[in-house]
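Coordinates as given in structure-v3.txt (compact mmCIF, C-alpha atoms):
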# COMPACT_ATOMS: atom_id res chain seq x y z
CA GLU D 1 32.54 -21.24 -53.56
CA GLU D 2 36.31 -21.76 -53.52
CA ALA D 3 36.51 -20.20 -50.03
CA VAL D 4 33.82 -22.52 -48.67
CA ALA D 5 35.58 -25.59 -50.10
CA ALA D 6 38.97 -24.52 -48.71
CA LEU D 7 37.64 -23.66 -45.26
CA GLU D 8 35.67 -26.90 -44.98
CA ARG D 9 38.89 -28.77 -45.82
CA ALA D 10 40.77 -26.71 -43.19
CA ILE D 11 38.22 -27.67 -40.52
CA GLU D 12 38.65 -31.33 -41.42
CA LEU D 13 42.35 -30.89 -40.71
CA ASP D 14 41.84 -28.88 -37.47
CA PRO D 15 38.25 -28.91 -36.08
CA GLU D 16 39.24 -26.75 -33.05
CA ALA D 17 40.44 -23.73 -35.04
CA PRO D 18 38.06 -20.89 -34.03
CA ARG D 19 39.09 -18.51 -36.78
CA VAL D 20 38.33 -21.04 -39.48
CA HIS D 21 34.80 -21.61 -38.17
CA PHE D 22 34.26 -17.85 -38.14
CA ASP D 23 35.55 -17.36 -41.69
CA LEU D 24 33.46 -20.28 -42.94
CA ALA D 25 30.36 -18.69 -41.34
CA LEU D 26 31.07 -15.46 -43.27
CA ALA D 27 31.36 -17.46 -46.49
CA TYR D 28 28.03 -19.16 -45.79
CA LEU D 29 26.49 -15.73 -45.14
CA ALA D 30 27.72 -14.59 -48.55
CA ARG D 31 25.64 -17.45 -49.98
CA ASP D 32 22.64 -16.60 -47.70
CA GLU D 33 22.90 -19.98 -45.99
CA LEU D 34 21.82 -18.74 -42.55
CA PHE D 35 21.42 -22.08 -40.80
CA TRP D 36 24.88 -23.30 -41.83
CA ALA D 37 26.34 -19.92 -40.79
CA ALA D 38 24.60 -20.08 -37.40
CA GLU D 39 26.06 -23.53 -36.75
CA GLU D 40 29.61 -22.44 -37.58
CA LEU D 41 29.29 -19.28 -35.45
CA GLU D 42 28.13 -21.35 -32.50
CA LEU D 43 31.25 -23.49 -32.83
CA ALA D 44 33.40 -20.37 -33.15
CA GLU D 45 31.84 -18.92 -29.99
CA GLN D 46 32.46 -22.14 -28.07
CA ALA D 47 36.12 -21.99 -29.07
CA ALA D 48 36.49 -18.23 -28.39
CA PRO D 49 33.69 -17.08 -26.03
CA GLU D 50 35.24 -13.63 -25.46
CA ASP D 51 35.52 -12.72 -29.14
CA LEU D 52 33.01 -9.87 -29.53
CA ARG D 53 33.11 -9.99 -33.29
CA VAL D 54 31.85 -13.57 -33.16
CA ALA D 55 29.11 -12.45 -30.76
CA PHE D 56 28.11 -9.65 -33.15
CA GLU D 57 27.91 -11.84 -36.26
CA ARG D 58 26.08 -14.63 -34.44
CA GLY D 59 23.61 -12.14 -32.94
CA ARG D 60 22.96 -10.69 -36.38
CA VAL D 61 22.31 -14.16 -37.84
CA LEU D 62 20.00 -15.17 -34.99
CA LEU D 63 18.10 -11.92 -35.51
CA GLN D 64 17.41 -12.94 -39.11
CA LEU D 65 16.33 -16.38 -37.87
CA GLU D 66 13.88 -14.65 -35.44
CA GLU D 67 15.61 -16.04 -32.34
CA LEU D 68 15.18 -12.63 -30.75
CA GLU D 69 16.08 -13.26 -27.11
CA ALA D 70 19.41 -14.90 -27.91
CA ALA D 71 20.14 -12.24 -30.56
CA ARG D 72 19.54 -9.41 -28.07
CA GLU D 73 21.88 -10.96 -25.53
CA LEU D 74 24.71 -11.37 -28.05
CA LEU D 75 24.29 -7.93 -29.61
CA SER D 76 24.27 -6.28 -26.17
CA LYS D 77 27.54 -8.08 -25.46
CA ALA D 78 29.06 -6.98 -28.77
CA ALA D 79 28.09 -3.33 -28.12
CA ALA D 80 30.80 -3.20 -25.44
CA ASP D 81 33.38 -3.00 -28.25
CA PRO D 82 33.64 0.68 -29.32
CA GLU D 83 34.43 -0.35 -32.87
CA LEU D 84 31.43 -2.67 -33.14
CA ALA D 85 29.06 -0.53 -31.02
CA PRO D 86 27.28 1.44 -33.80
CA ARG D 87 26.50 -1.69 -35.81
CA ALA D 88 25.67 -3.79 -32.75
CA ARG D 89 23.31 -1.15 -31.31
CA TYR D 90 21.63 -0.73 -34.69
CA TYR D 91 20.76 -4.44 -34.90
CA LEU D 92 19.95 -4.51 -31.19
CA GLY D 93 17.41 -1.75 -31.80
CA ILE D 94 15.81 -3.83 -34.54
CA ALA D 95 15.71 -6.88 -32.26
CA LEU D 96 14.02 -4.85 -29.52
CA ALA D 97 11.50 -3.45 -31.99
CA LYS D 98 10.69 -6.95 -33.24
CA SER D 99 10.16 -7.97 -29.60
CA GLY D 100 7.62 -5.18 -29.16
CA GLU D 101 9.86 -3.03 -26.92
CA THR D 102 9.54 0.13 -29.00
CA ASP D 103 10.77 2.60 -26.39
CA ALA D 104 13.94 0.61 -25.69
CA ALA D 105 14.49 0.20 -29.44
CA ARG D 106 14.38 3.97 -29.98
CA VAL D 107 16.90 4.46 -27.18
CA GLU D 108 19.44 2.14 -28.87
CA LEU D 109 18.86 3.61 -32.33
CA THR D 110 19.20 7.16 -30.99
CA ARG D 111 22.57 6.21 -29.49
CA VAL D 112 23.72 5.11 -32.93
CA VAL D 113 22.78 8.49 -34.38
CA GLU D 114 24.51 10.34 -31.52
CA HIS D 115 27.75 8.34 -31.39
CA ALA D 116 28.28 7.61 -35.09
CA PRO D 117 26.85 10.59 -37.01
CA GLY D 118 27.18 10.49 -40.76
CA THR D 119 27.70 6.73 -40.97
CA SER D 120 25.47 4.40 -42.95
CA HIS D 121 24.22 2.78 -39.75
CA ALA D 122 23.27 6.19 -38.31
CA GLU D 123 21.30 7.02 -41.46
CA ALA D 124 19.62 3.62 -41.33
CA ALA D 125 18.83 4.15 -37.62
CA VAL D 126 17.02 7.43 -38.41
CA SER D 127 14.92 5.60 -41.00
CA VAL D 128 14.03 2.85 -38.54
CA VAL D 129 13.02 5.41 -35.88
CA GLU D 130 10.69 7.06 -38.37
CA GLU D 131 9.30 3.63 -39.28
CA LEU D 132 8.65 2.93 -35.59
CA LEU D 133 6.77 6.22 -35.32
CA GLN D 134 4.73 5.21 -38.36
CA ARG D 135 3.96 1.84 -36.78
CA GLU D 136 2.82 3.53 -33.57
CA TRP D 137 0.53 5.84 -35.52
CA ASP D 138 -0.95 2.87 -37.42
CA LEU D 139 -1.71 1.19 -34.08
CA LEU D 140 -3.46 4.18 -32.50
CA PRO D 141 -6.55 2.84 -30.71
CA LEU D 142 -9.86 3.72 -32.31
CA PHE D 143 -11.69 3.16 -29.02
CA THR D 144 -10.28 3.68 -25.53
CA GLY D 145 -11.35 4.85 -22.10
CA PHE D 146 -11.11 4.38 -18.36
CA VAL D 147 -13.14 4.29 -15.17
CA SER D 148 -11.72 5.27 -11.79
CA VAL D 149 -12.96 4.95 -8.21
CA GLY D 150 -11.13 6.76 -5.42
CA GLY D 151 -11.49 7.62 -1.78
CA GLN D 152 -10.12 10.92 -0.48
CA TYR D 153 -9.73 13.04 2.62
CA ASP D 154 -9.82 16.82 2.11
CA SER D 155 -8.68 19.38 4.67
CA ASN D 156 -9.67 22.88 3.54
CA VAL D 157 -9.28 25.16 6.56
CA ILE D 158 -9.50 28.96 6.42
CA LEU D 159 -6.65 30.45 8.48
CA GLU D 160 -7.88 34.05 8.72
CA PRO D 161 -9.38 35.98 10.43
CA ASP D 162 -7.88 34.77 13.69
CA ASP D 163 -10.73 36.08 15.81
CA ALA D 164 -13.47 34.18 13.98
CA GLU D 165 -15.70 32.19 16.31
CA ARG D 166 -15.86 29.37 13.81
CA ARG D 167 -13.49 29.21 10.88
CA PRO D 168 -15.17 28.41 7.55
CA GLY D 169 -14.19 25.15 5.92
CA SER D 170 -13.82 21.74 7.50
CA ASP D 171 -12.17 18.37 7.09
CA ALA D 172 -14.19 15.99 4.96
CA GLY D 173 -13.87 12.48 3.67
CA GLY D 174 -15.03 11.91 0.15
CA LEU D 175 -15.54 9.61 -2.79
CA VAL D 176 -14.53 10.43 -6.36
CA LEU D 177 -15.90 8.65 -9.44
CA ARG D 178 -14.41 9.39 -12.86
CA GLY D 179 -14.77 8.03 -16.35
CA ALA D 180 -13.78 8.88 -19.92
CA LEU D 181 -14.35 7.49 -23.39
CA THR D 182 -12.44 8.38 -26.57
CA LEU D 183 -13.40 7.46 -30.12
CA ALA D 184 -11.12 8.16 -33.10
CA PRO D 185 -13.02 7.47 -36.34
CA VAL D 186 -10.05 8.70 -38.40
CA SER D 187 -6.66 7.38 -37.31
CA THR D 188 -3.87 7.46 -39.89
CA PRO D 189 -0.11 8.15 -39.73
CA ALA D 190 -0.74 11.84 -40.42
CA HIS D 191 -4.34 12.52 -39.41
CA LEU D 192 -6.28 11.90 -36.21
CA LEU D 193 -9.89 12.95 -35.72
CA PHE D 194 -11.12 12.21 -32.22
CA GLY D 195 -13.91 12.82 -29.73
CA THR D 196 -13.81 12.40 -25.95
CA LEU D 197 -16.55 12.31 -23.33
CA ASN D 198 -15.74 12.52 -19.62
CA ALA D 199 -17.73 12.72 -16.42
CA SER D 200 -16.98 12.86 -12.69
CA ARG D 201 -18.78 13.01 -9.37
CA THR D 202 -17.14 14.12 -6.13
CA PHE D 203 -18.96 13.43 -2.86
CA HIS D 204 -17.95 15.29 0.34
CA PHE D 205 -19.09 13.68 3.57
CA ALA D 206 -18.67 16.69 5.90
CA ASP D 207 -21.16 17.08 8.76
CA PRO D 208 -22.47 19.73 8.71
CA ALA D 209 -22.19 20.07 4.93
CA ASP D 210 -19.66 22.93 4.70
CA GLN D 211 -18.12 21.63 1.47
CA PHE D 212 -20.00 21.10 -1.76
CA SER D 213 -20.29 17.96 -3.82
CA LEU D 214 -19.58 18.44 -7.52
CA THR D 215 -20.92 16.78 -10.65
CA ALA D 216 -19.09 17.61 -13.87
CA ALA D 217 -19.28 16.46 -17.49
CA GLY D 218 -17.49 17.52 -20.63
CA GLY D 219 -16.92 16.72 -24.26
CA THR D 220 -14.00 17.41 -26.61
CA VAL D 221 -13.66 17.09 -30.37
CA GLY D 222 -10.36 17.70 -32.09
CA TYR D 223 -8.06 17.15 -35.04
CA ARG D 224 -4.33 16.46 -34.98
CA TYR D 225 -1.84 16.47 -37.84
CA ARG D 226 1.51 14.73 -37.36
CA PHE D 227 4.55 14.10 -39.50
CA ALA D 228 8.08 12.79 -38.93
CA ALA D 229 11.24 14.40 -40.28
CA GLU D 230 14.84 13.53 -39.44
CA GLY D 231 13.84 11.51 -36.42
CA LEU D 232 11.57 14.23 -34.97
CA THR D 233 7.80 14.11 -34.62
CA HIS D 234 5.94 17.34 -35.35
CA ALA D 235 2.31 17.68 -34.28
CA LEU D 236 -0.36 20.38 -34.61
CA GLN D 237 -3.68 19.98 -32.82
CA VAL D 238 -6.86 22.06 -32.57
CA SER D 239 -9.84 21.15 -30.38
CA TYR D 240 -13.13 22.41 -28.98
CA ARG D 241 -14.37 21.58 -25.46
CA TYR D 242 -17.71 21.98 -23.69
CA ASP D 243 -18.02 21.68 -19.88
CA LEU D 244 -20.98 21.64 -17.53
CA GLY D 245 -20.89 21.40 -13.74
CA PHE D 246 -23.29 21.41 -10.78
CA LEU D 247 -22.67 22.05 -7.09
CA ASP D 248 -24.85 20.68 -4.30
CA GLY D 249 -24.66 19.73 -0.65
CA GLY D 250 -23.80 23.09 0.91
CA SER D 251 -26.32 25.40 2.52
CA LEU D 252 -25.56 28.12 -0.03
CA THR D 253 -27.02 26.04 -2.85
CA ASP D 254 -30.48 26.63 -1.37
CA ASP D 255 -30.07 30.38 -1.91
CA PRO D 256 -31.83 31.45 -5.16
CA ASP D 257 -29.13 34.11 -5.71
CA PHE D 258 -26.35 31.51 -5.61
CA TYR D 259 -25.31 30.10 -8.98
CA ALA D 260 -24.87 26.39 -8.33
CA TRP D 261 -24.06 25.50 -11.94
CA ARG D 262 -21.46 26.56 -14.47
CA GLU D 263 -21.01 26.17 -18.21
CA ALA D 264 -17.98 26.78 -20.40
CA HIS D 265 -17.00 26.67 -24.07
CA GLY D 266 -13.34 26.54 -25.03
CA GLY D 267 -10.99 26.24 -27.96
CA SER D 268 -7.32 25.26 -27.90
CA PHE D 269 -4.31 25.04 -30.16
CA ARG D 270 -1.27 22.89 -29.39
CA TRP D 271 2.08 22.50 -31.12
CA SER D 272 4.63 19.91 -30.07
CA LEU D 273 8.04 18.71 -31.22
CA ASP D 274 9.16 15.27 -30.06
CA GLU D 275 12.70 13.89 -30.33
CA GLY D 276 12.20 10.19 -29.70
CA ASP D 277 12.56 9.27 -26.05
CA ARG D 278 14.91 12.09 -24.97
CA TRP D 279 12.87 15.30 -25.00
CA SER D 280 9.75 17.03 -26.25
CA THR D 281 8.65 20.65 -26.39
CA PHE D 282 5.07 21.91 -26.43
CA LEU D 283 3.17 25.18 -26.72
CA ASP D 284 -0.51 25.56 -25.77
CA ALA D 285 -2.86 28.48 -26.44
CA ASN D 286 -6.45 28.44 -25.13
CA TYR D 287 -9.60 30.53 -25.18
CA ARG D 288 -12.51 29.83 -22.80
CA TYR D 289 -15.89 31.48 -22.36
CA ALA D 290 -17.45 30.59 -19.02
CA THR D 291 -21.01 31.28 -17.90
CA PHE D 292 -21.25 31.82 -14.16
CA ALA D 293 -17.63 30.72 -13.84
CA ASP D 294 -16.64 30.13 -10.21
CA MET D 295 -20.42 30.21 -9.56
CA ARG D 296 -20.73 34.00 -9.75
CA ARG D 297 -19.82 35.56 -13.11
CA ASP D 298 -19.35 35.31 -16.84
CA ALA D 299 -15.83 35.58 -18.18
CA HIS D 300 -13.61 35.46 -21.24
CA VAL D 301 -10.34 33.69 -20.39
CA LEU D 302 -7.16 33.63 -22.48
CA SER D 303 -4.33 31.35 -21.36
CA GLY D 304 -1.11 29.90 -22.71
CA ARG D 305 1.63 27.53 -21.65
CA VAL D 306 5.08 26.49 -22.88
CA GLY D 307 6.88 23.48 -21.53
CA GLN D 308 9.73 21.03 -21.93
CA ASN D 309 9.84 17.30 -21.16
CA MET D 310 13.22 15.59 -20.75
CA ALA D 311 14.05 11.91 -20.17
CA PHE D 312 17.07 10.37 -18.47
CA VAL D 313 18.39 6.94 -17.46
CA ASP D 314 16.82 5.00 -20.34
CA GLN D 315 13.38 6.60 -19.84
CA ARG D 316 13.23 5.67 -16.15
CA LEU D 317 13.44 9.32 -15.06
CA LYS D 318 11.47 12.19 -16.66
CA LEU D 319 11.44 15.91 -15.91
CA LEU D 320 8.74 18.43 -16.90
CA VAL D 321 9.18 22.19 -16.67
CA SER D 322 6.40 24.55 -17.79
CA LEU D 323 5.45 28.22 -17.56
CA GLY D 324 1.93 29.52 -18.09
CA GLY D 325 -0.04 32.76 -18.13
CA ARG D 326 -3.71 33.76 -17.91
CA PHE D 327 -5.85 36.84 -18.57
CA ASP D 328 -9.42 36.82 -17.26
CA ASP D 329 -11.89 39.45 -18.55
CA ALA D 330 -15.08 39.29 -16.50
CA ARG D 331 -18.56 40.53 -17.39
CA GLY D 332 -21.24 41.85 -15.05
CA ARG D 333 -20.53 41.57 -11.32
CA GLY D 334 -17.26 39.74 -11.74
CA TYR D 335 -13.61 40.71 -11.46
CA ASP D 336 -10.73 40.92 -13.90
CA LEU D 337 -7.38 39.30 -13.22
CA TRP D 338 -4.09 38.26 -14.74
CA GLY D 339 -1.94 35.43 -13.50
CA LEU D 340 1.31 33.52 -13.94
CA ASP D 341 2.13 29.96 -12.95
CA ALA D 342 5.16 27.68 -13.05
CA THR D 343 5.27 23.89 -12.67
CA VAL D 344 8.13 21.45 -12.13
CA ALA D 345 7.37 17.72 -12.11
CA LEU D 346 9.60 14.67 -11.80
CA SER D 347 8.46 11.11 -12.54
CA ALA D 348 10.46 7.93 -12.05
CA LEU D 349 10.14 4.17 -12.44
CA GLY D 350 11.17 2.48 -9.22
CA PRO D 351 11.48 -1.06 -7.89
CA TRP D 352 8.52 -3.48 -8.09
CA GLU D 353 7.28 -1.53 -11.15
CA LEU D 354 6.23 1.41 -8.99
CA GLU D 355 5.70 4.77 -10.71
CA PHE D 356 6.59 7.86 -8.64
CA LEU D 357 5.53 11.45 -9.31
CA GLY D 358 6.60 14.62 -7.54
CA LEU D 359 5.15 17.99 -8.54
CA LEU D 360 5.61 21.59 -7.40
CA ARG D 361 3.34 24.38 -8.71
CA CYS D 362 3.55 28.13 -7.97
CA GLU D 363 0.75 30.50 -8.97
CA HIS D 364 0.29 34.27 -8.78
CA GLN D 365 -2.95 36.18 -9.53
CA ASP D 366 -3.58 39.93 -9.50
CA HIS D 367 -7.27 41.02 -9.39
CA PHE D 368 -7.02 44.46 -10.90
CA ASP D 369 -10.74 45.28 -11.22
CA SER D 370 -13.92 44.08 -9.52
CA THR D 371 -17.50 45.05 -8.68
CA TYR D 372 -18.31 41.78 -6.93
CA TYR D 373 -19.01 42.00 -3.16
CA SER D 374 -18.92 45.84 -3.35
CA GLY D 375 -15.36 45.96 -4.61
CA TRP D 376 -14.06 43.29 -2.22
CA GLY D 377 -11.88 41.73 -4.90
CA THR D 378 -10.34 44.90 -6.36
CA GLY D 379 -6.60 45.05 -5.81
CA ARG D 380 -6.51 41.57 -4.30
CA VAL D 381 -3.35 39.53 -4.92
CA ASP D 382 -3.26 35.75 -4.47
CA ASP D 383 -0.18 33.54 -4.26
CA SER D 384 -0.27 29.78 -3.83
CA LEU D 385 2.23 26.94 -3.63
CA THR D 386 1.12 23.35 -4.17
CA SER D 387 3.23 20.23 -3.74
CA THR D 388 2.03 16.78 -4.80
CA ILE D 389 3.45 13.29 -4.33
CA ALA D 390 1.91 10.23 -5.98
CA VAL D 391 2.86 6.55 -6.18
CA GLY D 392 1.13 4.17 -8.59
CA ARG D 393 1.44 0.70 -10.03
CA MET D 394 -0.24 -1.33 -12.76
CA VAL D 395 -1.59 -4.36 -10.92
CA TRP D 396 -2.65 -6.08 -14.13
CA GLU D 397 -2.37 -5.03 -17.74
CA PHE D 398 -5.65 -3.07 -17.56
CA LEU D 399 -5.90 -2.25 -13.84
CA GLY D 400 -3.83 0.21 -11.80
CA VAL D 401 -3.80 1.69 -8.31
CA GLU D 402 -2.44 5.06 -7.10
CA ILE D 403 -2.05 6.81 -3.76
CA SER D 404 -1.41 10.56 -3.68
CA TRP D 405 -1.05 13.46 -1.28
CA SER D 406 -1.21 17.17 -2.11
CA HIS D 407 -0.57 20.19 0.12
CA THR D 408 -1.48 23.80 -0.79
CA GLU D 409 -0.56 27.04 0.98
CA HIS D 410 -2.60 30.03 -0.21
CA PHE D 411 -1.86 33.64 0.76
CA SER D 412 -4.03 36.59 -0.21
CA THR D 413 -4.28 40.30 0.50
CA THR D 414 -7.91 39.53 1.34
CA MET D 415 -7.61 37.90 4.74
CA THR D 416 -10.63 35.62 4.37
CA PHE D 417 -8.89 33.72 1.62
CA ASP D 418 -5.74 32.61 3.43
CA TYR D 419 -5.91 28.85 3.79
CA SER D 420 -3.93 25.64 4.10
CA ARG D 421 -5.23 22.50 2.42
CA ASP D 422 -4.25 18.82 2.35
CA LEU D 423 -5.82 16.34 -0.03
CA ALA D 424 -5.00 12.62 0.26
CA SER D 425 -6.51 9.99 -2.04
CA LEU D 426 -6.39 6.33 -3.01
CA ALA D 427 -7.74 5.47 -6.45
CA VAL D 428 -8.22 2.32 -8.55
CA LYS D 429 -8.30 2.80 -12.31
CA ALA D 430 -9.35 0.36 -15.03
CA VAL D 431 -8.28 1.10 -18.61
CA PHE D 432 -9.86 -0.49 -21.67
CA ARG D 433 -9.22 -0.23 -25.38

Starting from the coordinates I provided, produce the structure as structure tokens.
Amino acid sequence: EEAVAALERAIELDPEAPRVHFDLALAYLARDELFWAAEELELAEQAAPEDLRVAFERGRVLLQLEELEAARELLSKAAADPELAPRARYYLGIALAKSGETDAARVELTRVVEHAPGTSHAEAAVSVVEELLQREWDLLPLFTGFVSVGGQYDSNVILEPDDAERRPGSDAGGLVLRGALTLAPVSTPAHLLFGTLNASRTFHFADPADQFSLTAAGGTVGYRYRFAAEGLTHALQVSYRYDLGFLDGGSLTDDPDFYAWREAHGGSFRWSLDEGDRWSTFLDANYRYATFADMRRDAHVLSGRVGQNMAFVDQRLKLLVSLGGRFDDARGRGYDLWGLDATVALSALGPWELEFLGLLRCEHQDHFDSTYYSGWGTGRVDDSLTSTIAVGRMVWEFLGVEISWSHTEHFSTTMTFDYSRDLASLAVKAVFR
């Protein structure tokens, strides 16, 4: 009280003194008189616009008064001072979170933890990050889905044998329809119980009909348990999936010995560890039992994958690296195989809100036993390299468009299966929740 009285008297004597306005604002803050403090800080900033401490205190007051845009601007300015940076970024993170920009808020709060470990603001930042995770979990949609319509052009040309009068495979335009629906009847910070239905139809317009059209449908039910500790999100998920598919359009589907449908049951386990917006690690393990898989055999399939996601440049650039393996135990007239695959993908946010994706996938398969086609597959080794480029953009909040191109080179010790394939597509996707 004495300080307020003395400082008010000092301002009467010298209204232009910036330091006095600043000190009086701190005295008002001690009495929780935010509006009076905001007024004095505005006068102090007018008198000393380059004083970052004034910018910090005024930004903090405006944050409490819910003037978020002005608070963010001032706190960003104050963060340029190394001494003020941890506190300024902490309050900036809160301002961003209040504005609904959760990802940007986590970036600022994570910087506080990295650059000022052990301080009270770093400890508070960890708590806020965990609170943001909790808020995200509470807002998980109970009902969501999408529908997609896309046109495509598929070039699937067999390269060997060279002396064939007519090489199997042909270019074909096509139309792809996809849809999915997810319902989560239990959605809490720790527990998620969900079910998903999806369906697709791919039409190939080749003439003559050398490529098949495919209808596929599937359903998944699963449970996920999540918890946050020291700024990290841990998640365990188990799920069951059922798939059914039908082929039609090719001359082979009229053959009674040709299996034009397939059915599969599968179970999966996934563990992931997420460190805010900087990186995440995941491990997948899957079992799948397929009836007439690949249209010709039953099989038990075991597969696994481990991967790492990393983010750079304030989440505008993301890198994925993964390594997977597969063991396929066939029944009846099928073939056994083991395989390895590696994937590297890079996504980026570009100008005009464009989203870019580049992907490179290498795959190796060794068919070590077979009775199909009189032993034709025994000892066969397949190697393939696929590169994909995609560019997309959200046109409206619920509607997006994407154009993509994929090229595959496949080499096999069985000559008939060497091929080169290009697949270009343009798709429009509507998302609802």

Leaving out D:Phe246 and any residue of its chain fewer than 4 positions from it, which residues lie within 9 Å of it when counting only C-alpha atoms, given as a short mmCIF file (atom, residue, chain, number, x, y, z; two decimals) with C-alpha atoms, in the frame of the given file?
data_model
loop_
_atom_site.label_atom_id
_atom_site.label_comp_id
_atom_site.auth_asym_id
_atom_site.auth_seq_id
_atom_site.Cartn_x
_atom_site.Cartn_y
_atom_site.Cartn_z
CA SER D 213 -20.29 17.96 -3.82
CA LEU D 214 -19.58 18.44 -7.52
CA THR D 215 -20.92 16.78 -10.65
CA ALA D 216 -19.09 17.61 -13.87
CA ALA D 260 -24.87 26.39 -8.33
CA TRP D 261 -24.06 25.50 -11.94
CA ARG D 262 -21.46 26.56 -14.47
#

Task: Residues near D:Gly174, cut-off 8 Å, all atoms listed in the file, skip fewer than 5 positions along chain, as number ranges by chain - done: D: 151-154, 202-205

Expected file: the selected residues, C-alpha atoms, as a PDB file, in the coordinates of the input:
ATOM      1  CA  GLY D 151     -11.490   7.620  -1.780  1.00  0.00           C
ATOM      2  CA  GLN D 152     -10.120  10.920  -0.480  1.00  0.00           C
ATOM      3  CA  TYR D 153      -9.730  13.040   2.620  1.00  0.00           C
ATOM      4  CA  ASP D 154      -9.820  16.820   2.110  1.00  0.00           C
ATOM      5  CA  THR D 202     -17.140  14.120  -6.130  1.00  0.00           C
ATOM      6  CA  PHE D 203     -18.960  13.430  -2.860  1.00  0.00           C
ATOM      7  CA  HIS D 204     -17.950  15.290   0.340  1.00  0.00           C
ATOM      8  CA  PHE D 205     -19.090  13.680   3.570  1.00  0.00           C
TER       9      PHE D 205
END

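Taking atom CA of D:Thr188 and atom CA of D:Phe227 as the two end points, the separation is 10.7 Å.
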
Open item on the list: Which residues are close to D:Ala348, i.e. within 6 Å by only C-alpha atoms, leaving aside same-chain residues fewer than 4 positions away? Reply as a PyMOL selection string.
Closed with: chain D and resi 316-317+355-356

Open item on the list: Taking 3 positions as the minimum chain separation for residues in the same chain, which residues sit within 7 Å of stretch 272-285 of chain D when counting all atoms listed in the file? Answer as a list in words.
Closed with: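 Near stretch 272-285 of chain D, the qualifying residues are Asp103, Arg106, Val107, Gly231, Leu232, Thr233, His234, Ala235, Leu236, Ser268, Phe269, Ser303, Gly304, Arg305, Val306, Gly307, Gln308, Asn309, Met310, Ala311 and Gln315 of chain D.
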
- [ ] Measure the distance from atom CA of D:Arg241 to atom CA of D:Gly218 in Å and round it to one decimal.
- [x] 7.0 Å

TODO: Find the residue from D:Ala79, D:Leu132, D:Leu319, D:Leu84 that sits nearest to D:Ala105; use only C-alpha atoms when measuring.
DONE: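 Distance minimum relative to D:Ala105 lands on D:Leu132.
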
TODO: Could you jot down the atom CA of D:Tyr90 to atom CA of D:Gly350 separation for me, Å, one decimal place?
DONE: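 Here the two named atoms are 27.7 Å from each other.
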
Would you list the contacts of D:Gln237 as an mmCIF file with C-alpha atoms, in the coordinates of the input, taking every protein, DNA or RNA residue within 7 Å and counting all atoms listed in the file, but skipping same-chain residues closer than 5 positions in sequence?
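Resulting contents of result37.cif:
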data_model
loop_
_atom_site.group_PDB
_atom_site.id
_atom_site.type_symbol
_atom_site.label_atom_id
_atom_site.label_comp_id
_atom_site.auth_asym_id
_atom_site.auth_seq_id
_atom_site.Cartn_x
_atom_site.Cartn_y
_atom_site.Cartn_z
ATOM 1 C CA TYR D 223 -8.060 17.150 -35.040
ATOM 2 C CA ARG D 224 -4.330 16.460 -34.980
ATOM 3 C CA TYR D 225 -1.840 16.470 -37.840
ATOM 4 C CA PHE D 269 -4.310 25.040 -30.160
ATOM 5 C CA ARG D 270 -1.270 22.890 -29.390
ATOM 6 C CA TRP D 271 2.080 22.500 -31.120
#

Task: For D:His121, the nearest of the candidates D:Ile94, D:Ala44, D:Ala390, D:Leu337, counting only C-alpha atoms - done: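 Using only C-alpha atoms, the shortest distance to D:His121 belongs to D:Ile94.
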
TODO: Find the residue from D:Leu247, D:Leu320, D:Leu426, D:Leu92 that sits nearest to D:Val401; use all atoms listed in the file when measuring.
DONE: D:Leu426
